[in-house]
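What follows is a set of notes on a single structure, which appears directly below.
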Amino acid sequence: MEWESLVVPLGSVGREDIPLAGGKGANLGELVQAGFPVPPGFVISTQAYAGVAETFDIRGWHEAGDAESIRNALASAAVPAELRSRIESAYQDLGGGQVAVRSSATAEDLPGAAFAGQQDTYLGVTGADAVVDAVRRCWASLWTDRAIAYRKRLGIGPADVRIAVVVQSLLDADAAGVLFTADPVTGNRSHTVIDGSPGLGESVVSGLVTPDHFVVGKDGSILSWTAGLREVVLRPSADGVRPETGAATGKPILDQAQVAALVRLGTDVQAHFGRPQDIEWVLAGGTLFLVQARPMTALPPPPVRLNAIQKRAASVLLDYLPVRPYPLDVTTWWRFGPAGLMLNIAGGLGIRIDEAGLLPEVDGVVDRFVPPMPRLTPKALTAPVRILSRARRFDPAEWRADSRYSEYDAAVRRLRSADPERMRWGVLLRVPSAVAAAITPITGLRADYLPGSALAVGRLLGLLTVLGKRRLLGDLLVGAQTRTTDGNDALLNLAALVRDTPSLRAVFSANDPADIEEQMATLDGADRFRTEFAAFLDEFGHRETVSPVLASSPTWSERPVVALGVIAVLSAEGPDRGSPASAAERELLRHPLLAGANRRRLVLRVLERAREGIRFREDSHFEFLRLLPPLRSALLEMGRRLSGAGLLAAPGDVFHLRLEELEAIADPARMPSAQAVRLRSAVRVRAARRDELASVKLLDFSQIYPSPTGGVLVQGSPASTGVATGRVRVILDATAFGTLQSGEILVCPYTNPSWTPLFSRAAAVVVDSGGVASHAAIVAREYGLPAVMGTGTATSVLETGQLVTVDGNTGRVTAAGDGEVGSRPRG
């Protein structure tokens, strides 16, 4: 054992020394080296802990779930004489007296893993023997139940963490607290937030007091101050720390000069570490000291000021980003899937969009979504001519006869017939690029045929405007039979089969979808259902359950429980709705100017061409997604092999990696140890960062959606007319589809085609995101279902079982009384 590395001065370690000094020790040492005011101290290194810990069977105890034995062993461990001597000597070099003894684990104070409060701190420790005892108790605190559970949640195994201990002179604080160099609630980087209270800062960080709260500009000006209650004051004493009863004075704990000085310190620390910091400070004898600095966690992204164009784009695009993309999403399907396709088409029309700026990353994880601000290039000057040329040349009704469709279809069939499990690693790595190449033909098809689709819809709109029937446009267009409606019809047929088969009806009515899936395999009398359900998944199973632009989203084939949940909803008794398309068509043809047969035929031809345009838009999107299963299969197979080689904890962790990182792996079974360490570290840090951001939205909805006023519960964009009253059913994802009851108000965070079968049983739909052109709005109009889109807060404000009235005419949702259940006419 190298004794000289066991106890080292605080100033001799820096940010690169986390393996030796742990996160807290490394950061404090970095502050000392950079000249910041830090109380003097020393570090008992992780090697000291390891030397003592290796004398016990910690791995065996951990595997047996016996953390108590680990704690007891470490708390009473015999400390080697040389280590004890070095601790005593370092303590005497501090001048003896009272010290703070703080745990410093190797996994803490990292991006996404602050470990705040997970290990122990001891204040007011006096005497060398007491310091040694406190060090042992810090070691033991690495194995508290809360610390073990925290590491498990972050995917940090017992072999991946050690603990150092920081010992510092304890200051007799006049005041102490915490400083955040960005607003932890709003994410505003131009504000500094300071909490403080009299005495030692432990009263603030442990929540014993209501502290003074300052919001400060970067120039040191106090923007707001809230007086604290100062319920208790912690003071050093002969026995350690003594609590005293505090008293609110109504005066700030810090004066203007002290606040400004703290802000300057915080700004300098942030600049040094390169990211917003969570800092603990102490004011003692009129001097400010820093006793901890670590990266801020769960910090919302900086507020983005959106212009009108960006707000409009966000209202549409947020439906496609209901969850945070993974690194592998961004470098595969997002790049060359539906999102990449639309970016390519826009570029071809002279519309430049900064793709890199849409999904900025921090620590390898998407931090936020910045809605695009399109810029026109000189190429846009000739775009109208090219669009009109394509509209005349390419008929949306004939797109499947185009040779490029045959080329695309053949490529899809080849990719879907390949078995990733039988591929060599090098071949497997080439699947994403093969998928990207296969997309080229259908990208060309979309670019060429969409202008004709838009022109056909435009002609219908012009005709309706002349006739004074513009309001019928949405209802008329939903009469198009698309592959999405084909899939919905297939689900309705399966639901009818359930209703007509007693054994199936009993299972579907009495079980949740997961149990239904389990019973289907052996249920007598279910052969026909199993056959037809398998055929349904074969034809429509590539549909996404979450988002069409993310490869991390499982498909219906991978998660058949989603389709079974929809069938359970559809098989329940409930009112069937007819499409408003037929009624709208009859109303149109009754117009006095369309009395002649020739005029009616002309109008019907215009209508059919518009529906063909809608059909092309929907069906080409449906076809596009056929490439998602082979891509996902290949990526998950990569994950399985990396997991099998011990490089990932689970196959799904592969989505934390970027495609280029996967392509840099020559052979998972023979990966050099340094590369393996980097890969595991990248996955752990990104997973922790993603977990940290779980409650942070990609974009602040309040910037794009209206706030409710008066007695309105939530308010959004009216997307489908009509008024309905019913009980709320909040459904957050596809796994809960089976919970919807007939006549309930469907409230959800987003929608995609997978959600639309539910609309046949809902009384109305209310959605956090989306606009009048989203799938939810279109299908709601098809079913004559009142719909309110873009509420921003419906899923958090409304509660399942709550009785509300949805007004699709005004976009408002209000509370209702028990006697009001039902629907009112559209209009």
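Just remember, in the structure tokens the first chain shown is A, the second B, etc., residues are 1-based per chain, and ligands are 1-based in the order shown.
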
Exercise. If you run DSSP over the backbone, which residues in region 682-743 of chain A end up helix (DSSP H, G or I)? Put them as number ranges by chain.
Key: A: 682-692, 701-703, 734-739

Could you write out that same residue set with N, CA, C and O atoms as a PDB file, in the first residue's frame?
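Written output follows (selection02.pdb):
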```
ATOM      1  N   ALA A 682     -19.901   6.601 -20.602  1.00  0.00           N
ATOM      2  CA  ALA A 682     -20.805   7.414 -21.420  1.00  0.00           C
ATOM      3  C   ALA A 682     -22.251   7.003 -21.187  1.00  0.00           C
ATOM      4  O   ALA A 682     -23.136   7.851 -21.023  1.00  0.00           O
ATOM      5  N   VAL A 683     -22.501   5.701 -21.156  1.00  0.00           N
ATOM      6  CA  VAL A 683     -23.858   5.208 -20.955  1.00  0.00           C
ATOM      7  C   VAL A 683     -24.366   5.587 -19.569  1.00  0.00           C
ATOM      8  O   VAL A 683     -25.503   6.053 -19.399  1.00  0.00           O
ATOM      9  N   ARG A 684     -23.522   5.436 -18.559  1.00  0.00           N
ATOM     10  CA  ARG A 684     -23.954   5.739 -17.191  1.00  0.00           C
ATOM     11  C   ARG A 684     -24.256   7.224 -17.036  1.00  0.00           C
ATOM     12  O   ARG A 684     -25.296   7.609 -16.466  1.00  0.00           O
ATOM     13  N   VAL A 685     -23.370   8.077 -17.537  1.00  0.00           N
ATOM     14  CA  VAL A 685     -23.573   9.519 -17.398  1.00  0.00           C
ATOM     15  C   VAL A 685     -24.814   9.964 -18.159  1.00  0.00           C
ATOM     16  O   VAL A 685     -25.626  10.754 -17.652  1.00  0.00           O
ATOM     17  N   ARG A 686     -25.007   9.440 -19.368  1.00  0.00           N
ATOM     18  CA  ARG A 686     -26.172   9.846 -20.161  1.00  0.00           C
ATOM     19  C   ARG A 686     -27.464   9.321 -19.552  1.00  0.00           C
ATOM     20  O   ARG A 686     -28.488  10.013 -19.573  1.00  0.00           O
ATOM     21  N   ALA A 687     -27.412   8.108 -19.034  1.00  0.00           N
ATOM     22  CA  ALA A 687     -28.612   7.567 -18.387  1.00  0.00           C
ATOM     23  C   ALA A 687     -28.983   8.399 -17.166  1.00  0.00           C
ATOM     24  O   ALA A 687     -30.158   8.693 -16.920  1.00  0.00           O
ATOM     25  N   ALA A 688     -27.960   8.793 -16.383  1.00  0.00           N
ATOM     26  CA  ALA A 688     -28.216   9.619 -15.199  1.00  0.00           C
ATOM     27  C   ALA A 688     -28.750  10.987 -15.603  1.00  0.00           C
ATOM     28  O   ALA A 688     -29.677  11.513 -14.985  1.00  0.00           O
ATOM     29  N   ARG A 689     -28.161  11.561 -16.648  1.00  0.00           N
ATOM     30  CA  ARG A 689     -28.615  12.871 -17.115  1.00  0.00           C
ATOM     31  C   ARG A 689     -30.052  12.788 -17.632  1.00  0.00           C
ATOM     32  O   ARG A 689     -30.878  13.663 -17.359  1.00  0.00           O
ATOM     33  N   ARG A 690     -30.365  11.729 -18.355  1.00  0.00           N
ATOM     34  CA  ARG A 690     -31.726  11.554 -18.866  1.00  0.00           C
ATOM     35  C   ARG A 690     -32.713  11.390 -17.710  1.00  0.00           C
ATOM     36  O   ARG A 690     -33.813  11.952 -17.727  1.00  0.00           O
ATOM     37  N   ASP A 691     -32.323  10.617 -16.715  1.00  0.00           N
ATOM     38  CA  ASP A 691     -33.182  10.430 -15.553  1.00  0.00           C
ATOM     39  C   ASP A 691     -33.389  11.755 -14.821  1.00  0.00           C
ATOM     40  O   ASP A 691     -34.486  12.062 -14.347  1.00  0.00           O
ATOM     41  N   GLU A 692     -32.340  12.546 -14.757  1.00  0.00           N
ATOM     42  CA  GLU A 692     -32.407  13.853 -14.111  1.00  0.00           C
ATOM     43  C   GLU A 692     -33.418  14.762 -14.814  1.00  0.00           C
ATOM     44  O   GLU A 692     -34.119  15.545 -14.169  1.00  0.00           O
ATOM     45  N   PHE A 701     -44.399  24.671 -22.524  1.00  0.00           N
ATOM     46  CA  PHE A 701     -45.657  24.792 -23.258  1.00  0.00           C
ATOM     47  C   PHE A 701     -46.295  26.176 -23.093  1.00  0.00           C
ATOM     48  O   PHE A 701     -47.051  26.612 -23.948  1.00  0.00           O
ATOM     49  N   SER A 702     -45.998  26.848 -21.985  1.00  0.00           N
ATOM     50  CA  SER A 702     -46.646  28.140 -21.753  1.00  0.00           C
ATOM     51  C   SER A 702     -46.265  29.172 -22.803  1.00  0.00           C
ATOM     52  O   SER A 702     -46.951  30.185 -22.971  1.00  0.00           O
ATOM     53  N   GLN A 703     -45.169  28.925 -23.527  1.00  0.00           N
ATOM     54  CA  GLN A 703     -44.749  29.862 -24.558  1.00  0.00           C
ATOM     55  C   GLN A 703     -45.569  29.743 -25.841  1.00  0.00           C
ATOM     56  O   GLN A 703     -45.569  30.658 -26.660  1.00  0.00           O
ATOM     57  N   ALA A 734     -49.514   4.433 -24.577  1.00  0.00           N
ATOM     58  CA  ALA A 734     -50.291   3.401 -25.254  1.00  0.00           C
ATOM     59  C   ALA A 734     -50.597   2.203 -24.374  1.00  0.00           C
ATOM     60  O   ALA A 734     -51.574   1.484 -24.624  1.00  0.00           O
ATOM     61  N   THR A 735     -49.801   1.973 -23.335  1.00  0.00           N
ATOM     62  CA  THR A 735     -50.045   0.803 -22.492  1.00  0.00           C
ATOM     63  C   THR A 735     -51.354   0.907 -21.718  1.00  0.00           C
ATOM     64  O   THR A 735     -51.859  -0.101 -21.222  1.00  0.00           O
ATOM     65  N   ALA A 736     -51.918   2.111 -21.611  1.00  0.00           N
ATOM     66  CA  ALA A 736     -53.158   2.302 -20.847  1.00  0.00           C
ATOM     67  C   ALA A 736     -54.383   2.437 -21.741  1.00  0.00           C
ATOM     68  O   ALA A 736     -55.452   2.837 -21.273  1.00  0.00           O
ATOM     69  N   PHE A 737     -54.259   2.090 -23.022  1.00  0.00           N
ATOM     70  CA  PHE A 737     -55.388   2.228 -23.943  1.00  0.00           C
ATOM     71  C   PHE A 737     -56.627   1.487 -23.435  1.00  0.00           C
ATOM     72  O   PHE A 737     -57.756   1.957 -23.581  1.00  0.00           O
ATOM     73  N   GLY A 738     -56.412   0.315 -22.865  1.00  0.00           N
ATOM     74  CA  GLY A 738     -57.533  -0.529 -22.463  1.00  0.00           C
ATOM     75  C   GLY A 738     -58.349   0.024 -21.318  1.00  0.00           C
ATOM     76  O   GLY A 738     -59.406  -0.536 -20.994  1.00  0.00           O
ATOM     77  N   THR A 739     -57.905   1.128 -20.699  1.00  0.00           N
ATOM     78  CA  THR A 739     -58.654   1.672 -19.564  1.00  0.00           C
ATOM     79  C   THR A 739     -59.787   2.599 -19.984  1.00  0.00           C
ATOM     80  O   THR A 739     -60.644   2.935 -19.172  1.00  0.00           O
TER      81      THR A 739
END
```

Practice problem: Please provide the set of residues having any atom within 8 Å of region 251-254 of chain A, restricted to only C-alpha atoms, with same-chain residues fewer than 4 positions apart removed, written as a PyMOL selection string. | Solution: chain A and resi 175+196-198+212+225+227+258-259

Quiz item: region 644-648 of chain A: which residues within 9 Å, counting only C-alpha atoms, same-chain residues fewer than 5 positions away excluded, as a list in words?
Solution: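 Final neighbour list, sorted by chain and number: Gly639, Asp653, Val654, Pro668, Ala669, Arg670, Ala676, Val677, Leu679, Arg680 and Val683 of chain A.
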
Excluding Ala495 (chain A) and any residue of its chain fewer than 6 positions from it, enumerate the residues within 12 Å of it, using only C-alpha atoms, and give them as a short mmCIF file (atom, residue, chain, number, x, y, z; two decimals) with all heavy atoms, in the first residue's frame.
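Below you can see out03.cif, which holds the result:
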```cif
data_model
loop_
_atom_site.label_atom_id
_atom_site.label_comp_id
_atom_site.auth_asym_id
_atom_site.auth_seq_id
_atom_site.Cartn_x
_atom_site.Cartn_y
_atom_site.Cartn_z
N ASN A 488 -57.51 0.78 -38.72
CA ASN A 488 -58.57 0.98 -37.74
C ASN A 488 -59.77 0.08 -38.03
O ASN A 488 -60.40 -0.46 -37.12
CB ASN A 488 -59.00 2.44 -37.73
CG ASN A 488 -57.90 3.35 -37.19
OD1 ASN A 488 -56.92 2.88 -36.62
ND2 ASN A 488 -58.06 4.65 -37.39
N ASP A 489 -60.09 -0.08 -39.32
CA ASP A 489 -61.19 -0.98 -39.69
C ASP A 489 -60.87 -2.43 -39.31
O ASP A 489 -61.75 -3.18 -38.86
CB ASP A 489 -61.47 -0.89 -41.20
CG ASP A 489 -62.11 0.44 -41.58
OD1 ASP A 489 -62.60 1.15 -40.69
OD2 ASP A 489 -62.10 0.76 -42.79
N THR A 501 -67.85 -13.83 -29.92
CA THR A 501 -67.30 -15.08 -29.41
C THR A 501 -67.34 -15.04 -27.89
O THR A 501 -66.58 -14.29 -27.27
CB THR A 501 -65.84 -15.28 -29.89
OG1 THR A 501 -65.78 -15.12 -31.31
CG2 THR A 501 -65.32 -16.65 -29.49
N LEU A 504 -64.04 -15.26 -25.90
CA LEU A 504 -63.21 -14.08 -26.08
C LEU A 504 -63.80 -12.88 -25.33
O LEU A 504 -63.09 -12.11 -24.68
CB LEU A 504 -63.08 -13.73 -27.56
CG LEU A 504 -62.21 -14.64 -28.42
CD1 LEU A 504 -62.36 -14.29 -29.89
CD2 LEU A 504 -60.74 -14.52 -28.01
N ARG A 505 -65.11 -12.73 -25.43
CA ARG A 505 -65.77 -11.61 -24.78
C ARG A 505 -65.53 -11.64 -23.28
O ARG A 505 -65.28 -10.62 -22.63
CB ARG A 505 -67.26 -11.62 -25.09
CG ARG A 505 -67.99 -10.35 -24.62
CD ARG A 505 -69.40 -10.26 -25.19
NE ARG A 505 -70.25 -11.36 -24.73
CZ ARG A 505 -70.75 -12.32 -25.51
NH1 ARG A 505 -70.49 -12.32 -26.81
NH2 ARG A 505 -71.52 -13.28 -25.00
N PHE A 508 -61.80 -10.55 -22.63
CA PHE A 508 -61.54 -9.14 -22.91
C PHE A 508 -62.28 -8.22 -21.95
O PHE A 508 -61.81 -7.11 -21.65
CB PHE A 508 -61.93 -8.80 -24.36
CG PHE A 508 -60.83 -9.06 -25.35
CD1 PHE A 508 -60.59 -10.34 -25.83
CD2 PHE A 508 -60.03 -8.03 -25.80
CE1 PHE A 508 -59.59 -10.59 -26.75
CE2 PHE A 508 -59.01 -8.26 -26.72
CZ PHE A 508 -58.78 -9.55 -27.20
N SER A 509 -63.39 -8.61 -21.45
CA SER A 509 -64.17 -7.73 -20.56
C SER A 509 -63.70 -7.80 -19.12
O SER A 509 -63.99 -6.90 -18.33
CB SER A 509 -65.66 -8.09 -20.64
OG SER A 509 -65.88 -9.42 -20.18
N PHE A 529 -59.30 -15.86 -33.92
CA PHE A 529 -58.81 -14.56 -33.46
C PHE A 529 -57.30 -14.52 -33.53
O PHE A 529 -56.72 -13.53 -33.99
CB PHE A 529 -59.28 -14.29 -32.03
CG PHE A 529 -58.78 -12.97 -31.50
CD1 PHE A 529 -59.50 -11.81 -31.72
CD2 PHE A 529 -57.58 -12.88 -30.79
CE1 PHE A 529 -59.04 -10.58 -31.26
CE2 PHE A 529 -57.12 -11.67 -30.32
CZ PHE A 529 -57.85 -10.52 -30.55
N GLU A 532 -56.23 -14.09 -37.18
CA GLU A 532 -56.52 -12.76 -37.73
C GLU A 532 -55.70 -11.68 -37.02
O GLU A 532 -55.29 -10.69 -37.65
CB GLU A 532 -58.01 -12.46 -37.64
CG GLU A 532 -58.86 -13.37 -38.53
CD GLU A 532 -60.31 -12.93 -38.60
OE1 GLU A 532 -60.62 -11.80 -38.14
OE2 GLU A 532 -61.13 -13.71 -39.12
N PHE A 533 -55.44 -11.88 -35.74
CA PHE A 533 -54.63 -10.91 -35.02
C PHE A 533 -53.19 -10.96 -35.51
O PHE A 533 -52.54 -9.92 -35.69
CB PHE A 533 -54.70 -11.18 -33.52
CG PHE A 533 -53.99 -10.14 -32.67
CD1 PHE A 533 -54.42 -8.83 -32.67
CD2 PHE A 533 -52.90 -10.48 -31.89
CE1 PHE A 533 -53.77 -7.86 -31.90
CE2 PHE A 533 -52.25 -9.54 -31.12
CZ PHE A 533 -52.69 -8.21 -31.12
N ALA A 563 -52.29 -3.12 -29.07
CA ALA A 563 -53.41 -3.42 -29.97
C ALA A 563 -54.52 -4.15 -29.23
O ALA A 563 -55.71 -3.91 -29.46
CB ALA A 563 -52.92 -4.26 -31.14
N LEU A 564 -54.15 -5.05 -28.31
CA LEU A 564 -55.17 -5.76 -27.54
C LEU A 564 -55.96 -4.80 -26.66
O LEU A 564 -57.18 -4.98 -26.47
CB LEU A 564 -54.52 -6.85 -26.69
CG LEU A 564 -53.91 -8.02 -27.47
CD1 LEU A 564 -53.11 -8.92 -26.56
CD2 LEU A 564 -55.01 -8.82 -28.17
N GLY A 565 -55.29 -3.78 -26.13
CA GLY A 565 -56.00 -2.79 -25.34
C GLY A 565 -57.00 -2.01 -26.17
O GLY A 565 -58.11 -1.72 -25.72
N VAL A 566 -56.63 -1.68 -27.41
CA VAL A 566 -57.55 -0.98 -28.31
C VAL A 566 -58.75 -1.88 -28.64
O VAL A 566 -59.90 -1.43 -28.62
CB VAL A 566 -56.83 -0.56 -29.60
CG1 VAL A 566 -57.83 0.02 -30.61
CG2 VAL A 566 -55.75 0.45 -29.30
N ILE A 567 -58.48 -3.15 -28.92
CA ILE A 567 -59.56 -4.08 -29.24
C ILE A 567 -60.51 -4.22 -28.04
O ILE A 567 -61.73 -4.30 -28.20
CB ILE A 567 -58.97 -5.45 -29.65
CG1 ILE A 567 -58.22 -5.30 -30.97
CG2 ILE A 567 -60.07 -6.50 -29.78
CD1 ILE A 567 -57.38 -6.51 -31.33
N ALA A 568 -59.93 -4.23 -26.84
CA ALA A 568 -60.78 -4.32 -25.64
C ALA A 568 -61.72 -3.12 -25.56
O ALA A 568 -62.89 -3.25 -25.21
CB ALA A 568 -59.90 -4.41 -24.39
N VAL A 569 -61.19 -1.93 -25.88
CA VAL A 569 -62.03 -0.73 -25.86
C VAL A 569 -63.11 -0.82 -26.92
O VAL A 569 -64.30 -0.55 -26.67
CB VAL A 569 -61.16 0.53 -26.09
CG1 VAL A 569 -62.04 1.75 -26.30
CG2 VAL A 569 -60.23 0.75 -24.91
N LEU A 570 -62.74 -1.22 -28.14
CA LEU A 570 -63.68 -1.24 -29.26
C LEU A 570 -64.72 -2.35 -29.11
O LEU A 570 -65.83 -2.24 -29.66
CB LEU A 570 -62.92 -1.43 -30.58
CG LEU A 570 -61.92 -0.32 -30.94
CD1 LEU A 570 -61.21 -0.66 -32.25
CD2 LEU A 570 -62.61 1.03 -31.03
N SER A 571 -64.37 -3.41 -28.40
CA SER A 571 -65.31 -4.52 -28.26
C SER A 571 -66.37 -4.25 -27.21
O SER A 571 -67.38 -4.96 -27.15
CB SER A 571 -64.55 -5.81 -27.91
OG SER A 571 -63.93 -5.70 -26.64
N ALA A 572 -66.14 -3.23 -26.38
CA ALA A 572 -67.15 -2.89 -25.37
C ALA A 572 -68.35 -2.26 -26.05
O ALA A 572 -68.26 -1.63 -27.09
CB ALA A 572 -66.55 -1.93 -24.35
N GLU A 573 -69.51 -2.46 -25.45
CA GLU A 573 -70.73 -1.86 -26.01
C GLU A 573 -70.62 -0.33 -25.92
O GLU A 573 -70.17 0.22 -24.94
CB GLU A 573 -71.95 -2.35 -25.24
CG GLU A 573 -72.22 -3.84 -25.40
CD GLU A 573 -72.53 -4.23 -26.83
OE1 GLU A 573 -73.07 -3.39 -27.57
OE2 GLU A 573 -72.23 -5.37 -27.21
N PRO A 757 -57.88 4.79 -33.01
CA PRO A 757 -59.01 3.86 -32.81
C PRO A 757 -59.81 4.13 -31.54
O PRO A 757 -60.99 3.77 -31.45
CB PRO A 757 -58.33 2.49 -32.74
CG PRO A 757 -57.06 2.65 -33.50
CD PRO A 757 -56.62 4.05 -33.21
#
```

Practice problem: Tell me, as a PyMOL selection string, which residues lie within 10 Å of Cys138 (chain A), counting only C-alpha atoms; anything in the same chain fewer than 3 positions away does not count. | Solution: chain A and resi 49+71+74-75+101-105+119-122+132-135+141-143+163-166

Quiz item: Closest to Leu607 (chain A) among A:Leu642, A:Leu492, A:Ser673, A:Ala456, using only C-alpha atoms?
Solution: A:Ala456

Exercise. Could you tell me how far CA of Tyr405 (chain A) lies from CA of Leu550 (chain A), in Å and to one decimal?
Key: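 Going from CA of Tyr405 (chain A) over to CA of Leu550 (chain A), I get 23.3 Å.
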
Exercise. Looking only at strand (DSSP E) from DSSP on the backbone, list the matching residues of region 312-470 of chain A as number ranges by chain.
Key: A: 351-352, 361-362, 365-366, 375-376

Quiz item: Which is closest to Gln802 (chain A) among A:Glu744, A:Gly458, A:Thr751, A:Arg137, if we use only C-alpha atoms?
Solution: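 Nearest candidate to Gln802 (chain A) out of A:Glu744, A:Gly458, A:Thr751, A:Arg137: A:Glu744.
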
Quiz item: Hey, what's within 9 Å of Gly790 (chain A) if we count only C-alpha atoms and toss same-chain stuff fewer than 4 positions away? As number ranges by chain, please?
Solution: A: 315, 701, 704-706, 715-718, 766-771, 794

Self-check item: Residue nearest Thr805 (chain A) among A:Ala724, A:Val562, A:Leu740, A:Leu358 (counting only C-alpha atoms)
Solution: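 Using only C-alpha atoms, Thr805 (chain A) sits closest to A:Ala724.
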